file query.txt (compact mmCIF, C-alpha atoms and all ligand atoms)
# COMPACT_ATOMS: atom_id res chain seq x y z
CA MET A 1 9.36 -24.01 -11.51
CA SER A 2 8.88 -24.55 -15.20
CA HIS A 3 11.35 -21.97 -16.52
CA SER A 4 14.90 -21.25 -15.46
CA HIS A 5 16.14 -17.71 -15.07
CA PRO A 6 19.94 -18.05 -15.15
CA ARG A 7 20.74 -14.31 -15.06
CA SER A 8 18.34 -13.63 -12.19
CA GLU A 9 19.79 -16.62 -10.36
CA GLN A 10 23.35 -15.33 -10.81
CA LEU A 11 22.34 -11.87 -9.65
CA TYR A 12 20.54 -13.31 -6.66
CA GLU A 13 23.61 -15.32 -5.69
CA ARG A 14 25.73 -12.16 -5.81
CA ALA A 15 23.04 -10.20 -3.98
CA ALA A 16 22.71 -12.77 -1.20
CA ARG A 17 26.42 -12.33 -0.41
CA VAL A 18 26.25 -8.58 0.14
CA ILE A 19 22.57 -7.85 0.91
CA PRO A 20 20.76 -9.74 3.71
CA GLY A 21 18.48 -12.29 2.08
CA GLY A 22 19.50 -10.82 -1.26
CA VAL A 23 16.80 -8.15 -1.13
CA ASN A 24 16.26 -4.66 0.22
CA SER A 25 12.65 -5.32 1.27
CA PRO A 26 11.62 -8.80 2.50
CA VAL A 27 8.53 -9.63 0.43
CA ARG A 28 10.61 -9.30 -2.76
CA ALA A 29 12.51 -12.48 -1.82
CA PHE A 30 9.80 -14.91 -3.06
CA ARG A 31 9.91 -16.76 0.29
CA ALA A 32 6.11 -17.14 0.26
CA VAL A 33 6.04 -18.68 -3.23
CA GLY A 34 9.47 -20.33 -3.48
CA GLY A 35 12.02 -19.97 -6.23
CA THR A 36 14.43 -17.18 -7.05
CA PRO A 37 13.24 -13.58 -7.23
CA LEU A 38 13.34 -12.07 -10.70
CA PHE A 39 15.64 -9.12 -11.29
CA PHE A 40 14.09 -6.55 -13.56
CA VAL A 41 16.03 -4.42 -15.99
CA ASP A 42 13.27 -2.55 -17.81
CA GLY A 43 9.73 -1.32 -17.26
CA ARG A 44 7.44 0.17 -19.95
CA GLY A 45 3.79 0.86 -19.33
CA ALA A 46 2.17 -2.28 -17.90
CA TYR A 47 5.15 -4.52 -18.70
CA VAL A 48 8.45 -5.39 -17.05
CA THR A 49 11.41 -7.26 -18.51
CA ASP A 50 13.68 -9.43 -16.40
CA ALA A 51 17.44 -9.90 -16.63
CA ASP A 52 16.91 -12.96 -18.83
CA GLY A 53 14.98 -10.96 -21.40
CA ARG A 54 11.51 -12.29 -20.51
CA THR A 55 8.66 -9.79 -20.45
CA TYR A 56 5.72 -9.92 -18.02
CA LEU A 57 2.44 -8.14 -17.55
CA ASP A 58 3.05 -6.40 -14.20
CA LEU A 59 0.33 -6.58 -11.55
CA VAL A 60 2.58 -5.33 -8.76
CA CYS A 61 3.39 -1.87 -10.12
CA SER A 62 6.05 -1.48 -7.42
CA TRP A 63 3.32 -2.17 -4.79
CA GLY A 64 1.26 0.83 -5.80
CA PRO A 65 3.29 3.90 -6.75
CA LEU A 66 3.19 3.31 -10.52
CA ILE A 67 -0.40 4.35 -11.12
CA LEU A 68 0.52 5.51 -14.64
CA GLY A 69 2.60 2.40 -15.34
CA HIS A 70 6.37 2.25 -15.81
CA ALA A 71 8.36 5.08 -17.38
CA HIS A 72 5.39 7.25 -18.29
CA PRO A 73 6.81 9.85 -20.73
CA ALA A 74 5.45 12.82 -18.73
CA VAL A 75 7.05 11.54 -15.52
CA VAL A 76 10.36 10.69 -17.18
CA GLU A 77 10.48 14.11 -18.80
CA ALA A 78 9.68 15.93 -15.56
CA VAL A 79 12.28 13.98 -13.59
CA VAL A 80 15.02 14.44 -16.20
CA ARG A 81 14.28 18.15 -16.44
CA ALA A 82 14.37 18.54 -12.66
CA CYS A 83 17.66 16.62 -12.38
CA GLY A 84 19.32 19.05 -14.75
CA HIS A 85 18.64 21.86 -12.31
CA GLY A 86 20.07 20.15 -9.24
CA THR A 87 18.69 17.24 -7.29
CA THR A 88 18.47 18.71 -3.78
CA PHE A 89 19.12 22.02 -2.10
CA GLY A 90 18.47 21.45 1.58
CA ALA A 91 16.46 24.65 1.20
CA PRO A 92 12.91 25.32 -0.01
CA CYS A 93 12.09 24.88 -3.71
CA PRO A 94 8.97 25.85 -5.72
CA ALA A 95 7.98 22.25 -6.57
CA GLU A 96 7.32 21.32 -2.94
CA VAL A 97 4.81 24.16 -2.66
CA ASP A 98 3.14 22.90 -5.81
CA LEU A 99 2.78 19.32 -4.52
CA ALA A 100 1.62 20.49 -1.08
CA GLU A 101 -1.05 22.70 -2.70
CA ARG A 102 -2.32 19.72 -4.69
CA VAL A 103 -2.68 17.58 -1.56
CA VAL A 104 -4.42 20.37 0.35
CA ALA A 105 -6.80 21.01 -2.57
CA SER A 106 -7.59 17.30 -3.02
CA TYR A 107 -8.00 15.75 0.41
CA PRO A 108 -10.87 16.49 2.80
CA GLY A 109 -9.90 18.32 5.97
CA ILE A 110 -6.25 18.93 5.12
CA GLU A 111 -5.05 22.54 5.40
CA GLN A 112 -1.34 21.83 5.71
CA VAL A 113 0.90 18.99 4.73
CA ARG A 114 4.49 18.09 5.45
CA LEU A 115 6.46 16.18 2.82
CA VAL A 116 8.79 13.33 3.76
CA SER A 117 10.54 10.52 1.87
CA SER A 118 8.55 7.35 2.65
CA GLY A 119 5.26 6.07 3.97
CA THR A 120 6.98 4.80 7.10
CA GLU A 121 8.31 8.26 7.83
CA ALA A 122 4.92 9.85 7.20
CA VAL A 123 3.16 7.54 9.67
CA MET A 124 5.90 7.76 12.28
CA SER A 125 5.74 11.54 12.19
CA ALA A 126 1.94 11.67 12.20
CA ILE A 127 1.88 9.50 15.33
CA ARG A 128 4.41 11.71 17.09
CA LEU A 129 2.32 14.73 16.18
CA ALA A 130 -0.89 13.08 17.43
CA ARG A 131 0.78 12.33 20.74
CA ALA A 132 2.11 15.86 21.06
CA PHE A 133 -1.23 17.43 20.15
CA THR A 134 -3.32 15.34 22.54
CA GLY A 135 -0.71 15.07 25.29
CA ARG A 136 -1.52 11.33 25.44
CA ASP A 137 0.57 8.22 24.80
CA LEU A 138 -1.59 5.33 23.59
CA ILE A 139 -1.97 4.41 19.93
CA VAL A 140 -4.63 2.02 18.67
CA LYS A 141 -3.98 0.00 15.53
CA PHE A 142 -5.74 -2.93 13.89
CA SER A 143 -4.53 -6.43 13.30
CA GLY A 144 -3.57 -6.86 9.65
CA CYS A 145 -3.05 -3.15 8.98
CA TYR A 146 0.49 -2.22 8.02
CA HIS A 147 1.79 1.26 8.73
CA GLY A 148 5.44 0.96 7.81
CA HIS A 149 8.20 -0.46 9.98
CA ALA A 150 8.44 2.06 12.83
CA ASP A 151 8.98 0.15 16.11
CA HIS A 152 5.76 1.02 17.92
CA LEU A 153 3.57 0.06 14.94
CA LEU A 154 5.27 -3.21 14.10
CA VAL A 155 2.66 -5.30 15.87
CA ALA A 156 0.24 -7.60 14.02
CA ALA A 157 1.14 -5.72 10.89
CA GLY A 158 0.11 -7.23 7.59
CA SER A 159 1.47 -9.35 4.81
CA GLY A 160 5.24 -9.13 5.27
CA LEU A 161 4.80 -10.45 8.79
CA ALA A 162 1.82 -12.69 8.06
CA THR A 163 3.88 -14.24 5.31
CA PHE A 164 6.62 -15.10 7.77
CA GLY A 165 4.13 -16.16 10.42
CA ARG A 166 5.53 -13.78 13.02
CA PRO A 167 3.38 -11.73 15.31
CA SER A 168 5.98 -8.99 15.56
CA SER A 169 9.66 -8.28 14.97
CA ALA A 170 12.78 -9.02 16.96
CA GLY A 171 14.63 -5.91 18.02
CA VAL A 172 11.52 -4.10 19.20
CA PRO A 173 11.62 -3.80 23.00
CA GLU A 174 8.35 -4.62 24.71
CA ALA A 175 8.50 -1.19 26.30
CA PHE A 176 8.28 0.38 22.83
CA THR A 177 4.99 -1.33 22.05
CA ALA A 178 3.62 -0.95 25.57
CA CYS A 179 1.77 2.15 24.35
CA THR A 180 0.30 0.36 21.31
CA ARG A 181 -3.08 -1.35 21.53
CA VAL A 182 -4.04 -3.80 18.80
CA LEU A 183 -7.68 -4.56 17.98
CA PRO A 184 -9.29 -6.84 15.42
CA LEU A 185 -10.88 -5.10 12.43
CA ASP A 186 -14.66 -5.09 11.97
CA ASP A 187 -15.44 -5.23 15.69
CA GLU A 188 -17.29 -2.23 17.15
CA ALA A 189 -17.58 -3.85 20.57
CA ALA A 190 -13.80 -4.24 20.89
CA VAL A 191 -13.35 -0.54 20.09
CA GLY A 192 -16.08 0.43 22.56
CA ASP A 193 -14.55 -1.68 25.34
CA LEU A 194 -11.07 -0.29 24.82
CA PHE A 195 -12.30 3.31 24.88
CA ALA A 196 -14.38 2.60 27.96
CA ARG A 197 -11.26 1.34 29.74
CA GLU A 198 -8.53 3.64 28.39
CA GLY A 199 -10.25 6.35 26.35
CA GLU A 200 -8.66 9.18 28.31
CA ARG A 201 -5.16 7.92 27.45
CA ILE A 202 -5.64 7.31 23.73
CA ALA A 203 -3.84 9.78 21.46
CA ALA A 204 -4.87 8.27 18.15
CA VAL A 205 -6.57 5.45 16.32
CA ILE A 206 -4.74 4.64 13.10
CA ILE A 207 -6.30 2.56 10.35
CA GLU A 208 -5.96 1.89 6.66
CA PRO A 209 -9.50 2.98 5.67
CA LEU A 210 -9.20 0.35 2.94
CA PRO A 211 -6.90 -2.25 4.54
CA ALA A 212 -4.72 -3.50 1.66
CA ASN A 213 -1.74 -5.11 3.35
CA HIS A 214 -3.30 -8.42 4.41
CA GLY A 215 -5.05 -9.07 1.18
CA LEU A 216 -7.79 -6.52 0.64
CA LEU A 217 -10.21 -6.18 3.55
CA PRO A 218 -12.86 -3.56 2.68
CA GLN A 219 -14.53 -2.41 5.90
CA ARG A 220 -18.18 -1.64 6.59
CA GLN A 221 -19.10 2.04 6.29
CA GLU A 222 -20.83 1.97 9.73
CA TYR A 223 -17.73 0.54 11.33
CA LEU A 224 -15.51 3.35 10.05
CA GLU A 225 -18.14 5.90 11.04
CA ARG A 226 -18.10 4.39 14.51
CA LEU A 227 -14.33 4.95 14.70
CA ARG A 228 -14.86 8.56 13.68
CA ALA A 229 -17.52 9.07 16.34
CA VAL A 230 -15.75 7.33 19.22
CA THR A 231 -12.41 9.10 18.66
CA ARG A 232 -14.16 12.46 18.48
CA ARG A 233 -16.10 11.78 21.67
CA HIS A 234 -12.94 10.88 23.59
CA GLY A 235 -10.68 13.62 22.22
CA ALA A 236 -8.46 11.15 20.34
CA LEU A 237 -7.36 11.72 16.76
CA LEU A 238 -8.44 9.51 13.89
CA VAL A 239 -5.54 8.89 11.50
CA PHE A 240 -6.25 7.46 8.05
CA ASP A 241 -3.20 5.75 6.62
CA GLU A 242 -3.80 6.38 2.93
CA VAL A 243 -0.32 5.39 1.78
CA ILE A 244 -1.91 2.91 -0.66
CA SER A 245 -5.41 4.37 -1.10
CA GLY A 246 -4.45 8.07 -1.27
CA PHE A 247 -4.66 9.39 -4.86
CA ARG A 248 -5.45 5.84 -6.02
CA LEU A 249 -9.13 5.44 -5.17
CA SER A 250 -9.81 9.12 -5.83
CA PRO A 251 -8.03 12.48 -5.40
CA GLY A 252 -9.41 12.49 -1.87
CA GLY A 253 -8.44 8.88 -1.22
CA ALA A 254 -10.68 6.53 0.74
CA ALA A 255 -11.85 9.48 2.88
CA GLU A 256 -13.57 11.06 -0.12
CA ARG A 257 -15.22 7.79 -1.11
CA LEU A 258 -16.42 7.14 2.43
CA GLY A 259 -17.38 10.73 3.22
CA ILE A 260 -15.44 10.48 6.49
CA VAL A 261 -12.91 13.18 7.38
CA PRO A 262 -10.01 11.99 9.57
CA ASP A 263 -7.94 14.32 11.78
CA LEU A 264 -4.69 13.37 10.09
CA ALA A 265 -3.92 11.47 6.91
CA THR A 266 -0.71 9.89 5.66
CA PHE A 267 0.41 9.41 2.06
CA GLY A 268 3.16 7.70 0.09
CA LYS A 269 3.35 5.46 -2.97
CA VAL A 270 1.19 7.22 -5.66
CA ILE A 271 2.08 10.69 -4.38
CA GLY A 272 5.69 10.13 -5.48
CA GLY A 273 4.87 8.46 -8.80
CA GLY A 274 7.78 6.04 -8.28
CA MET A 275 10.17 8.36 -6.43
CA PRO A 276 10.61 8.34 -2.63
CA VAL A 277 7.87 10.65 -1.34
CA GLY A 278 5.58 10.48 1.66
CA ALA A 279 3.39 13.11 3.30
CA PHE A 280 1.18 13.67 6.29
CA GLY A 281 -1.38 16.39 6.70
CA GLY A 282 -4.30 17.75 8.67
CA PRO A 283 -5.91 20.94 9.88
CA ARG A 284 -3.64 23.89 10.68
CA ARG A 285 -4.48 23.76 14.40
CA ILE A 286 -2.82 20.33 14.61
CA MET A 287 -0.06 20.77 12.02
CA ALA A 288 1.08 23.99 13.73
CA ARG A 289 2.53 21.86 16.51
CA LEU A 290 5.34 20.82 14.15
CA ALA A 291 8.75 22.48 14.32
CA PRO A 292 9.74 25.19 13.54
CA ASP A 293 6.44 26.82 14.66
CA GLY A 294 5.69 24.22 17.30
CA ASP A 295 7.42 21.94 19.76
CA THR A 296 7.22 18.65 17.82
CA TYR A 297 10.41 17.87 15.98
CA GLN A 298 10.38 16.37 12.49
CA ALA A 299 12.91 16.82 9.68
CA GLY A 300 14.52 15.29 6.57
CA THR A 301 17.62 16.03 4.47
CA LEU A 302 15.91 15.03 1.20
CA SER A 303 12.34 16.01 2.15
CA GLY A 304 10.63 17.94 -0.64
CA ASN A 305 13.57 17.57 -3.03
CA PRO A 306 12.79 18.86 -6.53
CA VAL A 307 13.30 15.57 -8.39
CA ALA A 308 10.90 13.52 -6.24
CA MET A 309 8.42 16.44 -6.30
CA ALA A 310 8.57 16.59 -10.12
CA SER A 311 7.69 12.90 -10.33
CA GLY A 312 4.74 13.27 -7.95
CA ILE A 313 3.43 16.40 -9.60
CA ALA A 314 3.66 14.93 -13.12
CA THR A 315 1.82 11.82 -11.91
CA LEU A 316 -1.03 13.79 -10.34
CA GLU A 317 -1.23 16.05 -13.41
CA VAL A 318 -1.67 13.13 -15.79
CA LEU A 319 -4.27 11.54 -13.49
CA ALA A 320 -6.28 14.76 -13.46
CA ALA A 321 -5.87 15.56 -17.17
CA GLU A 322 -6.79 12.07 -18.35
CA ASN A 323 -9.78 11.38 -16.15
CA GLY A 324 -7.51 8.92 -14.41
CA TRP A 325 -9.63 7.96 -11.43
CA GLU A 326 -12.73 7.20 -13.50
CA ARG A 327 -10.67 5.19 -15.97
CA LEU A 328 -9.02 3.22 -13.15
CA GLU A 329 -12.41 2.41 -11.66
CA ALA A 330 -13.66 1.25 -15.08
CA LEU A 331 -10.53 -0.83 -15.56
CA GLY A 332 -10.98 -2.45 -12.15
CA ALA A 333 -14.63 -3.20 -12.93
CA GLN A 334 -13.62 -4.77 -16.22
CA ALA A 335 -10.99 -6.90 -14.49
CA GLY A 336 -13.76 -8.08 -12.17
CA ARG A 337 -16.07 -8.97 -15.05
CA LEU A 338 -13.35 -10.92 -16.85
CA LEU A 339 -11.85 -12.73 -13.85
CA GLN A 340 -14.97 -13.66 -11.86
CA PRO A 341 -16.21 -16.32 -14.33
CA VAL A 342 -12.71 -17.81 -14.53
CA LEU A 343 -12.43 -18.03 -10.74
CA ARG A 344 -15.85 -19.68 -10.47
CA GLU A 345 -14.48 -22.59 -12.54
CA ALA A 346 -11.39 -22.96 -10.34
CA PRO A 347 -10.67 -26.37 -8.78
CA PHE A 348 -10.29 -24.76 -5.32
CA PRO A 349 -11.69 -21.71 -3.49
CA ILE A 350 -10.39 -18.45 -4.95
CA HIS A 351 -12.38 -15.22 -4.88
CA LEU A 352 -11.93 -11.75 -6.30
CA VAL A 353 -12.06 -8.87 -3.82
CA ARG A 354 -11.87 -5.48 -5.51
CA ALA A 355 -11.85 -1.79 -4.72
CA GLY A 356 -11.22 0.51 -7.69
CA SER A 357 -7.96 -0.46 -9.37
CA LEU A 358 -6.90 -2.76 -6.52
CA PHE A 359 -7.89 -6.39 -6.40
CA TRP A 360 -7.02 -9.45 -4.38
CA LEU A 361 -7.23 -13.11 -5.31
CA SER A 362 -8.43 -14.36 -1.93
CA MET A 363 -7.79 -18.04 -1.28
CA HIS A 364 -10.02 -18.16 1.79
CA GLU A 365 -12.65 -20.92 1.83
CA GLY A 366 -15.49 -18.63 2.74
CA GLY A 367 -14.87 -15.78 0.29
CA ALA A 368 -13.98 -12.24 1.32
CA PRO A 369 -13.03 -11.81 4.99
CA ARG A 370 -13.21 -8.43 6.76
CA THR A 371 -10.57 -9.33 9.35
CA ALA A 372 -6.97 -10.47 9.05
CA ALA A 373 -7.66 -14.20 8.94
CA THR A 374 -4.74 -16.58 8.41
CA LEU A 375 -4.78 -18.66 5.25
CA SER A 376 -4.50 -22.43 5.53
CA GLN A 377 -1.17 -23.99 4.51
CA GLN A 378 -3.03 -25.66 1.67
CA ALA A 379 -4.25 -22.29 0.38
CA VAL A 380 -0.75 -20.81 0.64
CA ASP A 381 0.68 -23.77 -1.32
CA ARG A 382 -2.01 -23.41 -3.96
CA PHE A 383 -1.20 -19.75 -4.35
CA ALA A 384 2.50 -20.54 -4.79
CA ALA A 385 1.65 -23.01 -7.56
CA LEU A 386 -0.67 -20.46 -9.17
CA PHE A 387 1.99 -17.75 -8.95
CA HIS A 388 4.53 -19.87 -10.84
CA ALA A 389 1.98 -21.07 -13.39
CA MET A 390 1.14 -17.41 -14.10
CA LEU A 391 4.81 -16.46 -14.28
CA ALA A 392 5.38 -19.15 -16.88
CA GLN A 393 2.69 -17.44 -18.98
CA GLY A 394 4.22 -14.00 -18.65
CA ILE A 395 2.12 -12.63 -15.78
CA TYR A 396 3.85 -11.15 -12.73
CA LEU A 397 1.53 -11.43 -9.70
CA PRO A 398 2.58 -10.22 -6.25
CA PRO A 399 4.68 -13.05 -4.74
CA SER A 400 2.46 -13.66 -1.70
CA ALA A 401 -1.10 -14.88 -1.15
CA TYR A 402 -1.62 -11.93 1.21
CA GLU A 403 -0.88 -9.21 -1.35
CA ALA A 404 -3.27 -7.27 -3.54
CA CYS A 405 -2.76 -6.68 -7.28
CA PHE A 406 -2.42 -3.16 -8.67
CA LEU A 407 -3.66 -1.87 -12.02
CA SER A 408 -2.36 1.27 -13.72
CA LEU A 409 -3.56 3.57 -16.49
CA ALA A 410 -1.12 1.71 -18.75
CA HIS A 411 -3.10 -1.54 -18.41
CA THR A 412 -5.44 -1.97 -21.38
CA ALA A 413 -8.56 -4.02 -22.00
CA ALA A 414 -6.39 -6.37 -24.08
CA ASP A 415 -4.03 -6.81 -21.10
CA LEU A 416 -6.95 -7.79 -18.89
CA GLU A 417 -8.17 -10.31 -21.48
CA ARG A 418 -4.68 -11.75 -21.51
CA LEU A 419 -4.68 -11.91 -17.72
CA ALA A 420 -8.03 -13.74 -17.69
CA GLN A 421 -6.87 -16.25 -20.32
CA ALA A 422 -3.61 -16.90 -18.45
CA LEU A 423 -5.56 -17.42 -15.23
CA ARG A 424 -7.89 -19.88 -16.98
CA ASN A 425 -4.87 -21.83 -18.28
CA ALA A 426 -3.06 -21.70 -14.94
CA LEU A 427 -6.04 -22.94 -12.97
CA ALA A 428 -6.64 -25.72 -15.49
CA SER A 429 -3.00 -26.80 -15.16
CA LEU A 430 -3.40 -27.03 -11.38
CA ARG A 431 -6.54 -29.14 -11.55
C1 LIG B 501 3.55 0.84 2.05
C2 LIG B 501 2.82 1.31 3.24
C3 LIG B 501 3.45 2.02 4.28
C4 LIG B 501 4.93 2.20 4.33
O1 LIG B 501 5.41 2.96 3.25
P1 LIG B 501 6.96 2.84 2.84
O2 LIG B 501 7.11 3.87 1.76
O3 LIG B 501 7.16 1.43 2.37
O4 LIG B 501 7.75 3.15 4.05
C5 LIG B 501 2.67 2.54 5.28
N1 LIG B 501 1.34 2.36 5.30
C6 LIG B 501 0.69 1.67 4.33
C7 LIG B 501 -0.79 1.55 4.38
C8 LIG B 501 1.42 1.11 3.28
O5 LIG B 501 0.78 0.39 2.35
call {"tool": "encode", "arguments": {"input": "query.txt", "output": "structure tokens", "more": "lines below"}}
Ligand SMILES: *Cc1c(COP(=O)(O)O)cnc(C)c1O
result
Amino acid sequence: MSHSHPRSEQLYERAARVIPGGVNSPVRAFRAVGGTPLFFVDGRGAYVTDADGRTYLDLVCSWGPLILGHAHPAVVEAVVRACGHGTTFGAPCPAEVDLAERVVASYPGIEQVRLVSSGTEAVMSAIRLARAFTGRDLIVKFSGCYHGHADHLLVAAGSGLATFGRPSSAGVPEAFTACTRVLPLDDEAAVGDLFAREGERIAAVIIEPLPANHGLLPQRQEYLERLRAVTRRHGALLVFDEVISGFRLSPGGAAERLGIVPDLATFGKVIGGGMPVGAFGGPRRIMARLAPDGDTYQAGTLSGNPVAMASGIATLEVLAAENGWERLEALGAQAGRLLQPVLREAPFPIHLVRAGSLFWLSMHEGGAPRTAATLSQQAVDRFAALFHAMLAQGIYLPPSAYEACFLSLAHTAADLERLAQALRNALASLR
């Protein structure tokens, strides 16, 4: 590493004593790129400042929630105002109705939504509901898709695990995943075979309609339509995990872009605008199975709390008022135009894969894969070198070759020019 970060190193040393691995979420630990994780003390717009006073252009944006950038004045104001009136009641509050109405109005097929506090919780609850509604046990997921860290979904699950080269997690009994079937993405025949064998037992097929947790793996429209058709034919539910794509690609998430309506959808990240919020929703006939009306239990002490709701509402309001989704698409397109020529000159294979304001620097030899292919050790090492070369120039990329970059409304054309120039310099230095 070219620069030292004494304060971050001190903090990390303290952290490692009292927090396992020094972090509260594994991919933050820089294990895939080496070095000491940076501790951040300030975020403004598209920039973050570390404990040593260095400022970076942020392409992580907290892994997606910060679609307006850091400390957007409207969000800060809404959160501060809400705090002054009490942070949680353990009873209904007006703001949760407001956020629920926005989700219902925005997302195709959703009549009711339940608010929770994380994406993991949203998915876990949606799966329980799908099982209750269908009276079936099996869940189908796809290799490379991440759906949070609930036991039965922690199989072949995206970057955090790909990064550590583990197929699954310790502490998950085989019996817990015995009802989970894992298929490769982009393979209609595999789906057809599984449904032919076990279709009557399948409660739900869950997929990230834009898989974004093993790099970015945009799927073919026909493939996703096939999933819609086969689940419908067999009485299984199709669950779109839109924790990343929901309210990022469009108000109606990937579903709106694809014109495919799932039975249930899950949300997180953007919907909380940087506060802990998740949600899952669907038609009333399914959602009615939830307690207290129905027999499927689901609950949360801090669910729908007014502070988290205020952050989510303010975020969605700014997106709507400022033509946010169109601007994010334009920004993503501009990033593509600026970065593509730089990547073409690179001394090794590196390709841009983009969907809206999400993009991935794919180090695969053959360009953009549609399945969760493993990167070669050489590619992983190259990414680590690139990561540190970018860091030295004040650019904070996600610290793993399997992670996508996030843009926000705070990123400007000038920021993207800066990013392209830094990438040109970094690649030249690695030649
Ligand atoms: C981040 C993510 C989750 C988990 O959300 P948490 O808030 O981290 O629990 C679930 N699904 C997808 C697609 C995600 O990207």
call {"tool": "residues_around", "arguments": {"input": "query.txt", "residues": "range 176-190 of chain A", "least_positions_apart": "6", "cutoff": "6 Å", "atoms": "all atoms listed in the file", "output": "ChimeraX atom specification"}}
result
/A:138-143,152,371
call {"tool": "residues_near_point", "arguments": {"input": "query.txt", "point": "(-17.8, -3.4, -8.0)", "cutoff": "8 Å", "atoms": "all atoms listed in the file", "output": "compact mmCIF listing (two decimals) with C-alpha atoms, in the coordinates of the input"}}
result
# COMPACT_ATOMS: atom_id res chain seq x y z
CA ALA A 333 -14.63 -3.20 -12.93
CA GLY A 336 -13.76 -8.08 -12.17
CA ARG A 354 -11.87 -5.48 -5.51
CA ALA A 355 -11.85 -1.79 -4.72
CA GLY A 356 -11.22 0.51 -7.69
call {"tool": "residues_around", "arguments": {"input": "query.txt", "residues": "Ala410 in chain A", "least_positions_apart": "6", "cutoff": "12 Å", "atoms": "all atoms listed in the file", "output": "PyMOL selection string"}}
result
chain A and resi 43-47+57-59+61+66-73+318-319+322+324+327-328+331+357+416
call {"tool": "residues_near_ligand", "arguments": {"input": "query.txt", "ligand": "ligand LIG 501 (chain B)", "cutoff": "7 Å", "atoms": "all atoms listed in the file", "output": "PyMOL selection string"}}
result
chain A and resi 118-121+123+145-149+208+212-213+241-244+268-269+278
call {"tool": "residues_around", "arguments": {"input": "query.txt", "residues": "Ala384 in chain A", "least_positions_apart": "5", "cutoff": "8 Å", "atoms": "only C-alpha atoms", "output": "VMD selection string"}}
result
chain A and resid 32 to 34 399 to 401
call {"tool": "write_last_selection", "arguments": {"input": "query.txt", "atoms": "C-alpha atoms", "output": "PDB file, in the frame of the given file"}}
result
ATOM      1  CA  ALA A  32       6.110 -17.140   0.260  1.00  0.00           C
ATOM      2  CA  VAL A  33       6.040 -18.680  -3.230  1.00  0.00           C
ATOM      3  CA  GLY A  34       9.470 -20.330  -3.480  1.00  0.00           C
ATOM      4  CA  PRO A 399       4.680 -13.050  -4.740  1.00  0.00           C
ATOM      5  CA  SER A 400       2.460 -13.660  -1.700  1.00  0.00           C
ATOM      6  CA  ALA A 401      -1.100 -14.880  -1.150  1.00  0.00           C
TER       7      ALA A 401
END
call {"tool": "closest_residue", "arguments": {"input": "query.txt", "among": "A:Asp193, A:Glu9, A:Glu317, A:Asp381", "to": "Ala78 in chain A", "atoms": "only C-alpha atoms"}}
result
A:Glu317
call {"tool": "closest_residue", "arguments": {"input": "query.txt", "among": "A:Ala15, A:Val307, A:Val353, A:Met124", "to": "Gln219 in chain A", "atoms": "all atoms listed in the file"}}
result
A:Val353
call {"tool": "residues_around", "arguments": {"input": "query.txt", "residues": "Ala310 in chain A", "least_positions_apart": "5", "cutoff": "7 Å", "atoms": "all atoms listed in the file", "output": "PyMOL selection string"}}
result
chain A and resi 78-79+82+95
call {"tool": "atom_distance", "arguments": {"input": "query.txt", "atom1": "CA of Gln112 in chain A", "atom2": "CA of Leu290 in chain A"}}
result
10.8 Å
call {"tool": "atom_distance", "arguments": {"input": "query.txt", "atom1": "CA of Asn305 in chain A", "atom2": "CA of Thr88 in chain A"}}
result
5.1 Å
call {"tool": "residues_around", "arguments": {"input": "query.txt", "residues": "range 16-30 of chain A", "least_positions_apart": "4", "cutoff": "12 Å", "atoms": "only C-alpha atoms", "output": "ChimeraX atom specification"}}
result
/A:8-12,34-40,60,62-63,148-149,158-164,213,384,387-388,396-403
call {"tool": "axis_aligned_box", "arguments": {"input": "query.txt", "around": "range 123-135 of chain A", "padding_each_side": "8 Å", "output": "lines of an AutoDock Vina configuration file"}}
result
center_x = 1.3
center_y = 12.5
center_z = 17.5
size_x = 25.2
size_y = 25.9
size_z = 31.6
call {"tool": "closest_residue", "arguments": {"input": "query.txt", "among": "A:Leu258, A:Leu224, A:Met390, A:Met287", "to": "Ile110 in chain A", "atoms": "all atoms listed in the file"}}
result
A:Met287
call {"tool": "closest_residue", "arguments": {"input": "query.txt", "among": "A:Gly199, A:Gly90, A:Gly144, A:Pro108", "to": "Pro251 in chain A", "atoms": "only C-alpha atoms"}}
result
A:Pro108
call {"tool": "build_atoms", "arguments": {"input": "query.txt", "residues": "range 11-16 of chain A", "atoms": "N, CA and C atoms", "output": "short mmCIF file (atom, residue, chain, number, x, y, z; two decimals), in the coordinates of the input"}}
result
data_model
loop_
_atom_site.label_atom_id
_atom_site.label_comp_id
_atom_site.auth_asym_id
_atom_site.auth_seq_id
_atom_site.Cartn_x
_atom_site.Cartn_y
_atom_site.Cartn_z
N LEU A 11 22.44 -13.15 -10.38
CA LEU A 11 22.34 -11.87 -9.65
C LEU A 11 21.93 -12.11 -8.20
N TYR A 12 21.01 -13.04 -8.01
CA TYR A 12 20.54 -13.31 -6.66
C TYR A 12 21.66 -13.90 -5.80
N GLU A 13 22.47 -14.74 -6.41
CA GLU A 13 23.61 -15.32 -5.69
C GLU A 13 24.57 -14.22 -5.25
N ARG A 14 24.86 -13.30 -6.17
CA ARG A 14 25.73 -12.16 -5.81
C ARG A 14 25.07 -11.31 -4.72
N ALA A 15 23.77 -11.06 -4.92
CA ALA A 15 23.04 -10.20 -3.98
C ALA A 15 23.05 -10.80 -2.58
N ALA A 16 22.84 -12.12 -2.50
CA ALA A 16 22.71 -12.77 -1.20
C ALA A 16 24.02 -12.67 -0.40
#
